$ cat model-v3.pdb   # PDB, C-alpha atoms and all ligand atoms
ATOM      1  CA  MET R 231       2.604  67.911  25.821
ATOM      2  CA  LEU R 232       5.539  66.962  23.582
ATOM      3  CA  LEU R 233       8.739  66.552  25.603
ATOM      4  CA  ILE R 234      12.166  67.045  24.001
ATOM      5  CA  SER R 235      15.385  65.912  25.649
ATOM      6  CA  CYS R 236      18.099  68.603  25.577
ATOM      7  CA  PRO R 237      21.565  66.994  25.271
ATOM      8  CA  TYR R 238      23.198  69.997  26.979
ATOM      9  CA  CYS R 239      20.819  70.336  29.954
ATOM     10  CA  GLY R 240      20.412  66.550  30.237
ATOM     11  CA  VAL R 241      16.676  66.826  30.929
ATOM     12  CA  GLU R 242      13.388  66.549  29.083
ATOM     13  CA  ARG R 243      11.580  69.829  28.594
ATOM     14  CA  PRO R 244       8.288  70.863  26.988
ATOM     15  CA  GLU R 245       8.325  71.715  23.308
ATOM     16  CA  THR R 246       7.463  75.364  24.074
ATOM     17  CA  GLU R 247      11.030  75.924  25.354
ATOM     18  CA  PHE R 248      12.433  74.993  21.926
ATOM     19  CA  ARG R 249      12.632  76.445  18.430
ATOM     20  CA  TYR R 250      12.843  74.470  15.220
ATOM     21  CA  GLY R 251      15.913  75.053  13.073
ATOM     22  CA  GLY R 252      15.351  73.103   9.848
ATOM     23  CA  GLU R 253      17.265  70.157   8.422
ATOM     24  CA  ALA R 254      20.548  69.266  10.149
ATOM     25  CA  HIS R 255      23.983  68.463   8.713
ATOM     26  CA  ILE R 256      23.826  70.945   5.840
ATOM     27  CA  ALA R 257      27.368  72.269   5.460
ATOM     28  CA  ARG R 258      27.754  75.874   4.402
ATOM     29  CA  PRO R 259      29.897  76.055   1.241
ATOM     30  CA  ALA R 260      33.495  76.947   2.096
ATOM     31  CA  ASP R 261      33.590  79.682  -0.531
ATOM     32  CA  PRO R 262      30.083  80.865  -1.485
ATOM     33  CA  SER R 263      31.461  83.254  -4.125
ATOM     34  CA  GLN R 264      32.571  80.234  -6.194
ATOM     35  CA  LEU R 265      28.983  78.934  -6.468
ATOM     36  CA  ASN R 266      26.630  79.650  -9.341
ATOM     37  CA  ASP R 267      23.063  80.716  -8.620
ATOM     38  CA  GLU R 268      21.682  77.217  -8.926
ATOM     39  CA  GLU R 269      24.195  75.753  -6.470
ATOM     40  CA  TRP R 270      23.586  78.594  -4.035
ATOM     41  CA  ALA R 271      19.810  78.106  -4.259
ATOM     42  CA  GLN R 272      20.367  74.402  -3.674
ATOM     43  CA  PHE R 273      22.229  75.165  -0.446
ATOM     44  CA  LEU R 274      19.772  77.830   0.725
ATOM     45  CA  TYR R 275      16.407  76.315  -0.097
ATOM     46  CA  MET R 276      16.492  72.659  -1.085
ATOM     47  CA  ARG R 277      15.786  70.166   1.705
ATOM     48  CA  THR R 278      15.154  66.445   1.655
ATOM     49  CA  ASN R 279      11.820  66.871   3.494
ATOM     50  CA  THR R 280      11.684  63.217   4.386
ATOM     51  CA  ARG R 281       8.500  61.334   5.249
ATOM     52  CA  GLY R 282       9.732  59.364   8.262
ATOM     53  CA  LEU R 283      12.959  59.793  10.220
ATOM     54  CA  TYR R 284      14.525  63.191   9.682
ATOM     55  CA  ALA R 285      17.677  64.707  11.233
ATOM     56  CA  GLU R 286      16.947  68.311  12.124
ATOM     57  CA  ARG R 287      18.267  71.210  14.173
ATOM     58  CA  TRP R 288      16.533  72.416  17.294
ATOM     59  CA  ARG R 289      17.467  75.199  19.694
ATOM     60  CA  HIS R 290      16.771  75.189  23.428
ATOM     61  CA  ALA R 291      15.771  78.821  23.062
ATOM     62  CA  HIS R 292      14.126  79.281  26.478
ATOM     63  CA  GLY R 293      16.665  77.069  28.256
ATOM     64  CA  CYS R 294      20.411  76.765  27.757
ATOM     65  CA  GLY R 295      20.217  78.588  24.425
ATOM     66  CA  ARG R 296      22.116  75.885  22.533
ATOM     67  CA  PHE R 297      21.494  74.471  19.066
ATOM     68  CA  PHE R 298      21.517  70.678  18.948
ATOM     69  CA  ASN R 299      20.350  67.981  16.537
ATOM     70  CA  ALA R 300      17.456  65.563  16.761
ATOM     71  CA  VAL R 301      16.071  62.628  14.835
ATOM     72  CA  ARG R 302      12.304  62.966  14.616
ATOM     73  CA  ASP R 303       9.697  60.908  12.817
ATOM     74  CA  THR R 304       7.816  63.417  10.652
ATOM     75  CA  VAL R 305       4.813  61.082  10.496
ATOM     76  CA  SER R 306       4.302  60.417  14.209
ATOM     77  CA  ASP R 307       6.159  63.535  15.531
ATOM     78  CA  LYS R 308       8.044  61.139  17.842
ATOM     79  CA  PHE R 309      11.614  62.112  18.795
ATOM     80  CA  VAL R 310      13.906  59.096  18.324
ATOM     81  CA  CYS R 311      17.036  60.733  19.769
ATOM     82  CA  THR R 312      18.814  64.046  20.308
ATOM     83  CA  TYR R 313      22.565  64.722  20.178
ATOM     84  CA  LYS R 314      24.985  67.613  20.538
ATOM     85  CA  ALA R 315      25.977  69.827  17.623
ATOM     86  CA  GLY R 316      29.111  68.478  15.967
ATOM     87  CA  GLU R 317      28.336  64.840  16.747
ATOM     88  CA  PRO R 318      27.921  62.552  13.699
ATOM     89  CA  LYS R 319      24.573  62.001  12.051
ATOM     90  CA  PRO R 320      23.055  58.697  13.244
ATOM     91  CA  ASP R 321      22.327  55.940  10.732
ATOM     92  CA  LEU R 322      18.682  56.802   9.992
ATOM     93  CA  ASP R 323      17.984  53.538   8.125
ATOM     94  CA  ALA R 324      19.204  51.503  11.118
ATOM     95  CA  LEU R 325      17.091  53.613  13.480
ATOM     96  CA  ALA R 326      14.040  53.153  11.241
ATOM     97  CA  ARG R 327      14.541  49.356  11.134
ATOM     98  CA  ALA R 328      14.955  49.261  14.925
ATOM     99  CA  SER R 329      11.733  51.176  15.517
ATOM    100  CA  GLN R 330       9.858  49.005  12.990
ATOM    101  CA  GLU R 331      11.021  45.861  14.779
ATOM    102  CA  LYS R 332       9.948  47.371  18.094
ATOM    103  CA  ASP R 333       6.492  48.167  16.696
ATOM    104  CA  ALA R 334       6.154  44.675  15.218
ATOM    105  CA  ARG R 335       6.744  43.032  18.580
TER     106      ARG R 335
ATOM    107  CA  MET U 202      26.774  83.374  53.968
ATOM    108  CA  ALA U 203      23.870  85.729  53.827
ATOM    109  CA  GLU U 204      21.260  85.018  51.166
ATOM    110  CA  ILE U 205      21.917  86.931  47.964
ATOM    111  CA  TYR U 206      18.196  87.427  47.306
ATOM    112  CA  THR U 207      16.552  89.262  50.191
ATOM    113  CA  PRO U 208      12.993  90.571  50.426
ATOM    114  CA  ALA U 209      12.683  94.267  49.572
ATOM    115  CA  ALA U 210      12.006  95.631  53.058
ATOM    116  CA  SER U 211      10.200  98.750  51.831
ATOM    117  CA  LEU U 212       7.703  96.891  49.618
ATOM    118  CA  ALA U 213       4.526  95.188  50.774
ATOM    119  CA  PRO U 214       4.234  91.514  49.760
ATOM    120  CA  VAL U 215       2.711  90.979  46.328
ATOM    121  CA  LEU U 216       0.785  88.041  47.774
ATOM    122  CA  ARG U 217       0.400  86.807  51.331
ATOM    123  CA  GLN U 218      -1.563  83.640  52.007
ATOM    124  CA  ASP U 219      -0.996  80.758  54.399
ATOM    125  CA  ALA U 220      -0.169  78.428  51.546
ATOM    126  CA  VAL U 221       1.991  80.716  49.418
ATOM    127  CA  SER U 222       3.450  84.212  49.390
ATOM    128  CA  ILE U 223       5.187  86.359  46.790
ATOM    129  CA  GLN U 224       7.684  89.003  47.844
ATOM    130  CA  LYS U 225       9.730  91.352  45.643
ATOM    131  CA  THR U 226      13.472  91.265  46.246
ATOM    132  CA  ALA U 227      16.002  94.001  46.961
ATOM    133  CA  PRO U 228      18.217  95.238  44.094
ATOM    134  CA  LEU U 229      21.277  93.171  43.153
ATOM    135  CA  ALA U 230      24.345  93.448  40.968
ATOM    136  CA  ARG U 231      23.844  91.105  38.001
ATOM    137  CA  LEU U 232      26.407  90.312  35.337
ATOM    138  CA  SER U 233      25.773  88.151  32.313
ATOM    139  CA  PHE U 234      28.972  86.277  31.492
ATOM    140  CA  ARG U 235      29.649  84.239  28.379
ATOM    141  CA  GLY U 236      32.989  82.683  27.493
ATOM    142  CA  ARG U 237      34.991  79.511  26.943
ATOM    143  CA  ALA U 238      37.221  77.572  29.350
ATOM    144  CA  GLU U 239      40.065  80.100  29.540
ATOM    145  CA  ALA U 240      37.704  82.988  30.280
ATOM    146  CA  GLN U 241      35.743  80.813  32.730
ATOM    147  CA  ALA U 242      38.930  80.161  34.711
ATOM    148  CA  ALA U 243      39.699  83.887  34.732
ATOM    149  CA  VAL U 244      36.212  84.704  36.042
ATOM    150  CA  ALA U 245      36.595  82.024  38.716
ATOM    151  CA  GLY U 246      39.705  83.886  39.859
ATOM    152  CA  ALA U 247      37.755  87.136  40.163
ATOM    153  CA  LEU U 248      34.871  85.411  41.951
ATOM    154  CA  GLY U 249      37.009  83.378  44.325
ATOM    155  CA  PHE U 250      35.255  80.134  43.380
ATOM    156  CA  ALA U 251      34.804  77.990  40.286
ATOM    157  CA  LEU U 252      31.868  78.483  37.949
ATOM    158  CA  PRO U 253      29.421  75.579  38.281
ATOM    159  CA  GLN U 254      29.914  73.250  35.306
ATOM    160  CA  ALA U 255      27.094  70.809  35.979
ATOM    161  CA  PRO U 256      23.992  71.753  33.986
ATOM    162  CA  LEU U 257      21.233  73.522  35.944
ATOM    163  CA  SER U 258      23.397  74.095  39.032
ATOM    164  CA  ALA U 259      24.509  77.041  41.164
ATOM    165  CA  ALA U 260      27.691  77.868  43.078
ATOM    166  CA  THR U 261      28.048  80.234  46.005
ATOM    167  CA  GLY U 262      30.970  81.807  47.828
ATOM    168  CA  ALA U 263      32.404  85.067  49.168
ATOM    169  CA  GLY U 264      29.005  86.757  49.100
ATOM    170  CA  LYS U 265      28.537  86.043  45.401
ATOM    171  CA  VAL U 266      26.597  83.527  43.331
ATOM    172  CA  ALA U 267      27.080  81.997  39.880
ATOM    173  CA  LEU U 268      24.090  80.389  38.170
ATOM    174  CA  TRP U 269      24.616  77.993  35.229
ATOM    175  CA  LEU U 270      22.378  79.059  32.342
ATOM    176  CA  GLY U 271      24.106  77.266  29.459
ATOM    177  CA  PRO U 272      27.379  75.500  28.610
ATOM    178  CA  ASP U 273      29.093  78.864  28.104
ATOM    179  CA  GLU U 274      26.741  81.210  29.956
ATOM    180  CA  TRP U 275      26.383  82.151  33.618
ATOM    181  CA  LEU U 276      24.465  84.742  35.620
ATOM    182  CA  LEU U 277      26.760  86.254  38.261
ATOM    183  CA  LEU U 278      25.191  87.889  41.329
ATOM    184  CA  ALA U 279      26.713  90.168  43.954
ATOM    185  CA  PRO U 280      25.398  92.687  46.493
ATOM    186  CA  GLU U 281      24.181  95.870  44.830
ATOM    187  CA  ALA U 282      26.803  98.086  46.457
ATOM    188  CA  GLU U 283      29.590  96.013  44.900
ATOM    189  CA  LEU U 284      28.426  96.411  41.301
ATOM    190  CA  GLU U 285      31.153  98.745  40.045
ATOM    191  CA  ALA U 286      34.002  96.938  41.762
ATOM    192  CA  PHE U 287      32.611  93.537  40.734
ATOM    193  CA  GLU U 288      32.158  94.511  37.099
ATOM    194  CA  ALA U 289      35.633  96.039  36.999
ATOM    195  CA  ALA U 290      37.187  92.922  38.536
ATOM    196  CA  VAL U 291      35.454  90.542  36.125
ATOM    197  CA  ASN U 292      36.298  92.725  33.120
ATOM    198  CA  ALA U 293      39.935  92.939  34.233
ATOM    199  CA  ALA U 294      40.056  89.160  34.630
ATOM    200  CA  VAL U 295      38.880  88.463  31.080
ATOM    201  CA  ALA U 296      40.875  91.283  29.432
ATOM    202  CA  GLY U 297      42.333  90.041  26.156
ATOM    203  CA  LEU U 298      40.165  86.898  26.126
ATOM    204  CA  ALA U 299      37.148  86.215  23.932
ATOM    205  CA  ALA U 300      34.370  86.763  26.460
ATOM    206  CA  SER U 301      31.311  88.876  27.086
ATOM    207  CA  VAL U 302      30.520  90.585  30.401
ATOM    208  CA  THR U 303      27.338  92.639  30.509
ATOM    209  CA  ASP U 304      25.771  94.516  33.401
ATOM    210  CA  ILE U 305      22.119  93.436  33.438
ATOM    211  CA  SER U 306      21.374  94.527  37.027
ATOM    212  CA  HIS U 307      18.470  96.683  35.915
ATOM    213  CA  ARG U 308      17.216  94.461  33.117
ATOM    214  CA  GLN U 309      15.942  91.795  35.475
ATOM    215  CA  ASP U 310      13.995  91.699  38.706
ATOM    216  CA  ALA U 311      13.165  88.828  41.011
ATOM    217  CA  VAL U 312      10.480  87.703  43.427
ATOM    218  CA  LEU U 313      10.606  85.069  46.142
ATOM    219  CA  VAL U 314       7.771  82.564  45.909
ATOM    220  CA  SER U 315       7.473  80.763  49.251
ATOM    221  CA  GLY U 316       5.172  78.408  51.080
ATOM    222  CA  PRO U 317       3.889  74.839  50.911
ATOM    223  CA  ARG U 318       1.997  75.580  47.665
ATOM    224  CA  ALA U 319       4.852  77.531  46.001
ATOM    225  CA  ALA U 320       5.575  74.795  43.438
ATOM    226  CA  TRP U 321       1.868  74.371  42.786
ATOM    227  CA  LEU U 322       1.443  78.093  42.135
ATOM    228  CA  LEU U 323       4.460  78.282  39.824
ATOM    229  CA  ASN U 324       3.196  75.275  37.894
ATOM    230  CA  ALA U 325       0.175  77.338  36.928
ATOM    231  CA  GLY U 326       2.540  79.010  34.470
ATOM    232  CA  VAL U 327       5.790  77.053  34.424
ATOM    233  CA  PRO U 328       5.423  73.907  32.299
ATOM    234  CA  ILE U 329       8.220  71.816  33.868
ATOM    235  CA  ASP U 330       8.082  69.139  36.565
ATOM    236  CA  LEU U 331       8.759  70.858  39.919
ATOM    237  CA  ALA U 332       8.415  67.723  42.058
ATOM    238  CA  LEU U 333      11.471  67.375  44.290
ATOM    239  CA  PRO U 334      13.016  64.345  42.514
ATOM    240  CA  ALA U 335      12.830  66.134  39.148
ATOM    241  CA  PHE U 336      13.675  69.638  40.388
ATOM    242  CA  PRO U 337      15.667  69.331  43.636
ATOM    243  CA  VAL U 338      16.723  72.120  45.982
ATOM    244  CA  GLY U 339      19.564  74.093  44.372
ATOM    245  CA  MET U 340      18.518  73.469  40.769
ATOM    246  CA  VAL U 341      18.371  76.542  38.544
ATOM    247  CA  THR U 342      17.052  76.840  35.021
ATOM    248  CA  ARG U 343      15.834  79.185  32.394
ATOM    249  CA  THR U 344      12.315  78.281  31.332
ATOM    250  CA  LEU U 345       8.959  79.905  30.596
ATOM    251  CA  CYS U 346       6.194  81.281  32.811
ATOM    252  CA  HIS U 347       3.234  81.461  30.472
ATOM    253  CA  LYS U 348       4.887  83.289  27.536
ATOM    254  CA  ALA U 349       7.593  85.146  29.478
ATOM    255  CA  GLU U 350      11.114  83.775  29.795
ATOM    256  CA  VAL U 351      12.146  83.357  33.439
ATOM    257  CA  ILE U 352      14.998  82.053  35.549
ATOM    258  CA  LEU U 353      13.814  79.724  38.304
ATOM    259  CA  TRP U 354      16.079  78.748  41.220
ATOM    260  CA  ARG U 355      14.862  76.419  43.951
ATOM    261  CA  LYS U 356      16.278  77.740  47.242
ATOM    262  CA  ALA U 357      14.423  75.325  49.508
ATOM    263  CA  GLU U 358      11.737  72.696  49.236
ATOM    264  CA  ASP U 359       9.130  75.437  49.583
ATOM    265  CA  GLN U 360      10.970  78.507  48.272
ATOM    266  CA  PHE U 361      11.878  79.614  44.745
ATOM    267  CA  VAL U 362      13.509  82.671  43.201
ATOM    268  CA  LEU U 363      11.635  83.704  40.059
ATOM    269  CA  GLU U 364      13.546  86.216  37.975
ATOM    270  CA  CYS U 365      12.491  87.775  34.683
ATOM    271  CA  TRP U 366      12.959  90.870  32.563
ATOM    272  CA  ARG U 367      11.491  93.689  34.624
ATOM    273  CA  SER U 368       9.012  94.831  31.987
ATOM    274  CA  PHE U 369       7.632  91.259  31.929
ATOM    275  CA  GLN U 370       7.219  91.102  35.692
ATOM    276  CA  PRO U 371       3.704  92.639  35.873
ATOM    277  CA  TYR U 372       2.546  90.051  33.302
ATOM    278  CA  VAL U 373       4.100  87.178  35.265
ATOM    279  CA  LEU U 374       2.774  88.389  38.629
ATOM    280  CA  GLU U 375      -0.760  89.002  37.337
ATOM    281  CA  HIS U 376      -0.888  85.417  36.095
ATOM    282  CA  LEU U 377       0.396  84.056  39.423
ATOM    283  CA  LEU U 378      -2.038  86.200  41.432
ATOM    284  CA  ASP U 379      -4.847  84.974  39.227
ATOM    285  CA  ALA U 380      -3.878  81.348  39.900
ATOM    286  CA  ALA U 381      -3.576  82.067  43.634
ATOM    287  CA  ARG U 382      -7.269  83.011  43.771
ATOM    288  CA  GLU U 383      -7.953  79.315  43.458
ATOM    289  CA  LEU U 384      -6.186  78.782  46.806
ATOM    290  CA  SER U 385      -7.809  81.678  48.644
ATOM    291  CA  THR U 386     -11.338  80.591  47.765
ATOM    292  CA  ALA U 387     -10.740  76.894  48.481
TER     293      ALA U 387
HETATM  294 ZN    ZN R 401      19.244  72.888  27.133
END
$ encode --input "model-v3.pdb" --output "structure tokens" --more "lines below"
Ligand SMILES: [Zn+2]
Amino acid sequence: MLLISCPYCGVERPETEFRYGGEAHIARPADPSQLNDEEWAQFLYMRTNTRGLYAERWRHAHGCGRFFNAVRDTVSDKFVCTYKAGEPKPDLDALARASQEKDAR
Amino acid sequence: MAEIYTPAASLAPVLRQDAVSIQKTAPLARLSFRGRAEAQAAVAGALGFALPQAPLSAATGAGKVALWLGPDEWLLLAPEAELEAFEAAVNAAVAGLAASVTDISHRQDAVLVSGPRAAWLLNAGVPIDLALPAFPVGMVTRTLCHKAEVILWRKAEDQFVLECWRSFQPYVLEHLLDAARELSTA
């Protein structure tokens, strides 16, 4: 069973309590009416879809109900860390290097 | 104080075995409260005690209970007879503030799961660690029982309150009774 650590509850819980929320740190345009169709489509649909570490939103749907962010490896499905909404995006390159060094040891 | 969840005296136990029993509980006044710090302080005034701020914790006082469900969400419990006065007091306290107070007394229903195998039986459907170090007495959480969302509150080492939406309760109980057959035939 895949366990995910909720930064609001402070505990690890099974994946079934959570819902996936897509890529994290995508800011909604301040004034959508100023965007042309291509820019709007870019905001709505285009995602980086990284192979490797990916910052994404999750919601503790059957727990505290809160959205939070997580860094997950899309290859191994391993969660590297989770953090509260509003906290800065971690340095994914540094995290990737750290986990590579750990694996090499 | 008296326990807020009491067995429904008029109803036969759902399950009665040496190792574990399931008993429906008497009706309660239940309010769902959501709000930020200012509204939380106002509700504390109406309750007579502070809302628990530690995740997964409960607070009790003056015949009422507040269960932490999320950083801005609590389930408030009071005796059934006090529903109207309780709801009016909480609504008056948060008047003018951004907050939500909803009477959900009849949306949810609870059972008491008791006995030395209570945690074992619940773990047939609840996928979280219920060992005492991980889920101590007094801890409360929303989680799942099979596919139904439930609120689980550990009242004692061998007693839990299991609350869910009332239309889900037959589903939850059937699953628990099914798991309990493993104990009765052992
Ligand atoms: Zn949570």
$ resolve_selection --input "model-v3.pdb" --expression "the PyMOL selection byres (((not hetatm)) within 6 of (chain R and resi 401))" --output "PyMOL selection string"
chain R and resi 236+238-239+290+293-294
$ interface_residues --input "model-v3.pdb" --of "chain R" --to "chain U" --cutoff "9 Å" --atoms "only C-alpha atoms" --output "VMD selection string"
chain R and resid 238 to 240 242 to 244 246 to 247 291 to 296
$ resolve_selection --input "model-v3.pdb" --expression "the PyMOL selection byres (((chain U and resi 359) around 9) and not hetatm)" --output "number ranges by chain"
U: 221, 314-320, 355-358, 360-361
$ write_last_selection --input "model-v3.pdb" --atoms "C-alpha atoms" --output "CSV table (one decimal), keeping the file's coordinate frame"
chain,number,residue,atom,x,y,z
U,221,VAL,CA,2.0,80.7,49.4
U,314,VAL,CA,7.8,82.6,45.9
U,315,SER,CA,7.5,80.8,49.3
U,316,GLY,CA,5.2,78.4,51.1
U,317,PRO,CA,3.9,74.8,50.9
U,318,ARG,CA,2.0,75.6,47.7
U,319,ALA,CA,4.9,77.5,46.0
U,320,ALA,CA,5.6,74.8,43.4
U,355,ARG,CA,14.9,76.4,44.0
U,356,LYS,CA,16.3,77.7,47.2
U,357,ALA,CA,14.4,75.3,49.5
U,358,GLU,CA,11.7,72.7,49.2
U,360,GLN,CA,11.0,78.5,48.3
U,361,PHE,CA,11.9,79.6,44.7
$ atom_distance --input "model-v3.pdb" --atom1 "atom CA of U:Ile205" --atom2 "atom CA of U:Leu278"
7.5 Å
$ atom_distance --input "model-v3.pdb" --atom1 "atom CA of U:His376" --atom2 "atom CA of U:Ala325"
8.2 Å
$ decode --input "model-v3.pdb" --residues "stretch 234-249 of chain R" --atoms "N, CA and C atoms" --output "PDB file, in the first residue's frame"
ATOM      1  N   ILE R 234       1.068   8.131   1.977  1.00  0.00           N
ATOM      2  CA  ILE R 234       1.332   9.533   1.684  1.00  0.00           C
ATOM      3  C   ILE R 234       1.259  10.295   2.999  1.00  0.00           C
ATOM      4  N   SER R 235       2.236  11.164   3.227  1.00  0.00           N
ATOM      5  CA  SER R 235       2.280  11.926   4.465  1.00  0.00           C
ATOM      6  C   SER R 235       1.527  13.242   4.282  1.00  0.00           C
ATOM      7  N   CYS R 236       0.468  13.454   5.075  1.00  0.00           N
ATOM      8  CA  CYS R 236      -0.311  14.690   4.972  1.00  0.00           C
ATOM      9  C   CYS R 236       0.333  15.760   5.854  1.00  0.00           C
ATOM     10  N   PRO R 237       0.735  16.909   5.277  1.00  0.00           N
ATOM     11  CA  PRO R 237       1.400  17.936   6.082  1.00  0.00           C
ATOM     12  C   PRO R 237       0.455  18.632   7.062  1.00  0.00           C
ATOM     13  N   TYR R 238      -0.847  18.493   6.893  1.00  0.00           N
ATOM     14  CA  TYR R 238      -1.786  19.111   7.836  1.00  0.00           C
ATOM     15  C   TYR R 238      -2.114  18.169   8.989  1.00  0.00           C
ATOM     16  N   CYS R 239      -2.328  16.880   8.691  1.00  0.00           N
ATOM     17  CA  CYS R 239      -2.611  15.903   9.747  1.00  0.00           C
ATOM     18  C   CYS R 239      -1.320  15.478  10.456  1.00  0.00           C
ATOM     19  N   GLY R 240      -0.183  15.556   9.765  1.00  0.00           N
ATOM     20  CA  GLY R 240       1.082  15.159  10.368  1.00  0.00           C
ATOM     21  C   GLY R 240       1.247  13.653  10.478  1.00  0.00           C
ATOM     22  N   VAL R 241       0.516  12.900   9.662  1.00  0.00           N
ATOM     23  CA  VAL R 241       0.627  11.437   9.701  1.00  0.00           C
ATOM     24  C   VAL R 241       0.658  10.885   8.279  1.00  0.00           C
ATOM     25  N   GLU R 242       1.144   9.654   8.168  1.00  0.00           N
ATOM     26  CA  GLU R 242       1.101   8.945   6.896  1.00  0.00           C
ATOM     27  C   GLU R 242      -0.230   8.220   6.784  1.00  0.00           C
ATOM     28  N   ARG R 243      -0.841   8.314   5.621  1.00  0.00           N
ATOM     29  CA  ARG R 243      -2.109   7.641   5.394  1.00  0.00           C
ATOM     30  C   ARG R 243      -2.093   6.921   4.039  1.00  0.00           C
ATOM     31  N   PRO R 244      -2.943   5.889   3.913  1.00  0.00           N
ATOM     32  CA  PRO R 244      -2.967   5.158   2.640  1.00  0.00           C
ATOM     33  C   PRO R 244      -3.468   6.042   1.488  1.00  0.00           C
ATOM     34  N   GLU R 245      -2.948   5.736   0.332  1.00  0.00           N
ATOM     35  CA  GLU R 245      -3.268   6.485  -0.885  1.00  0.00           C
ATOM     36  C   GLU R 245      -4.776   6.637  -1.113  1.00  0.00           C
ATOM     37  N   THR R 246      -5.569   5.639  -0.664  1.00  0.00           N
ATOM     38  CA  THR R 246      -7.007   5.675  -0.943  1.00  0.00           C
ATOM     39  C   THR R 246      -7.702   6.852  -0.273  1.00  0.00           C
ATOM     40  N   GLU R 247      -7.068   7.466   0.754  1.00  0.00           N
ATOM     41  CA  GLU R 247      -7.672   8.638   1.392  1.00  0.00           C
ATOM     42  C   GLU R 247      -7.460   9.908   0.572  1.00  0.00           C
ATOM     43  N   PHE R 248      -6.641   9.832  -0.477  1.00  0.00           N
ATOM     44  CA  PHE R 248      -6.217  11.039  -1.198  1.00  0.00           C
ATOM     45  C   PHE R 248      -6.759  11.076  -2.624  1.00  0.00           C
ATOM     46  N   ARG R 249      -6.802  12.303  -3.165  1.00  0.00           N
ATOM     47  CA  ARG R 249      -7.134  12.498  -4.574  1.00  0.00           C
ATOM     48  C   ARG R 249      -6.038  13.310  -5.236  1.00  0.00           C
TER      49      ARG R 249
END
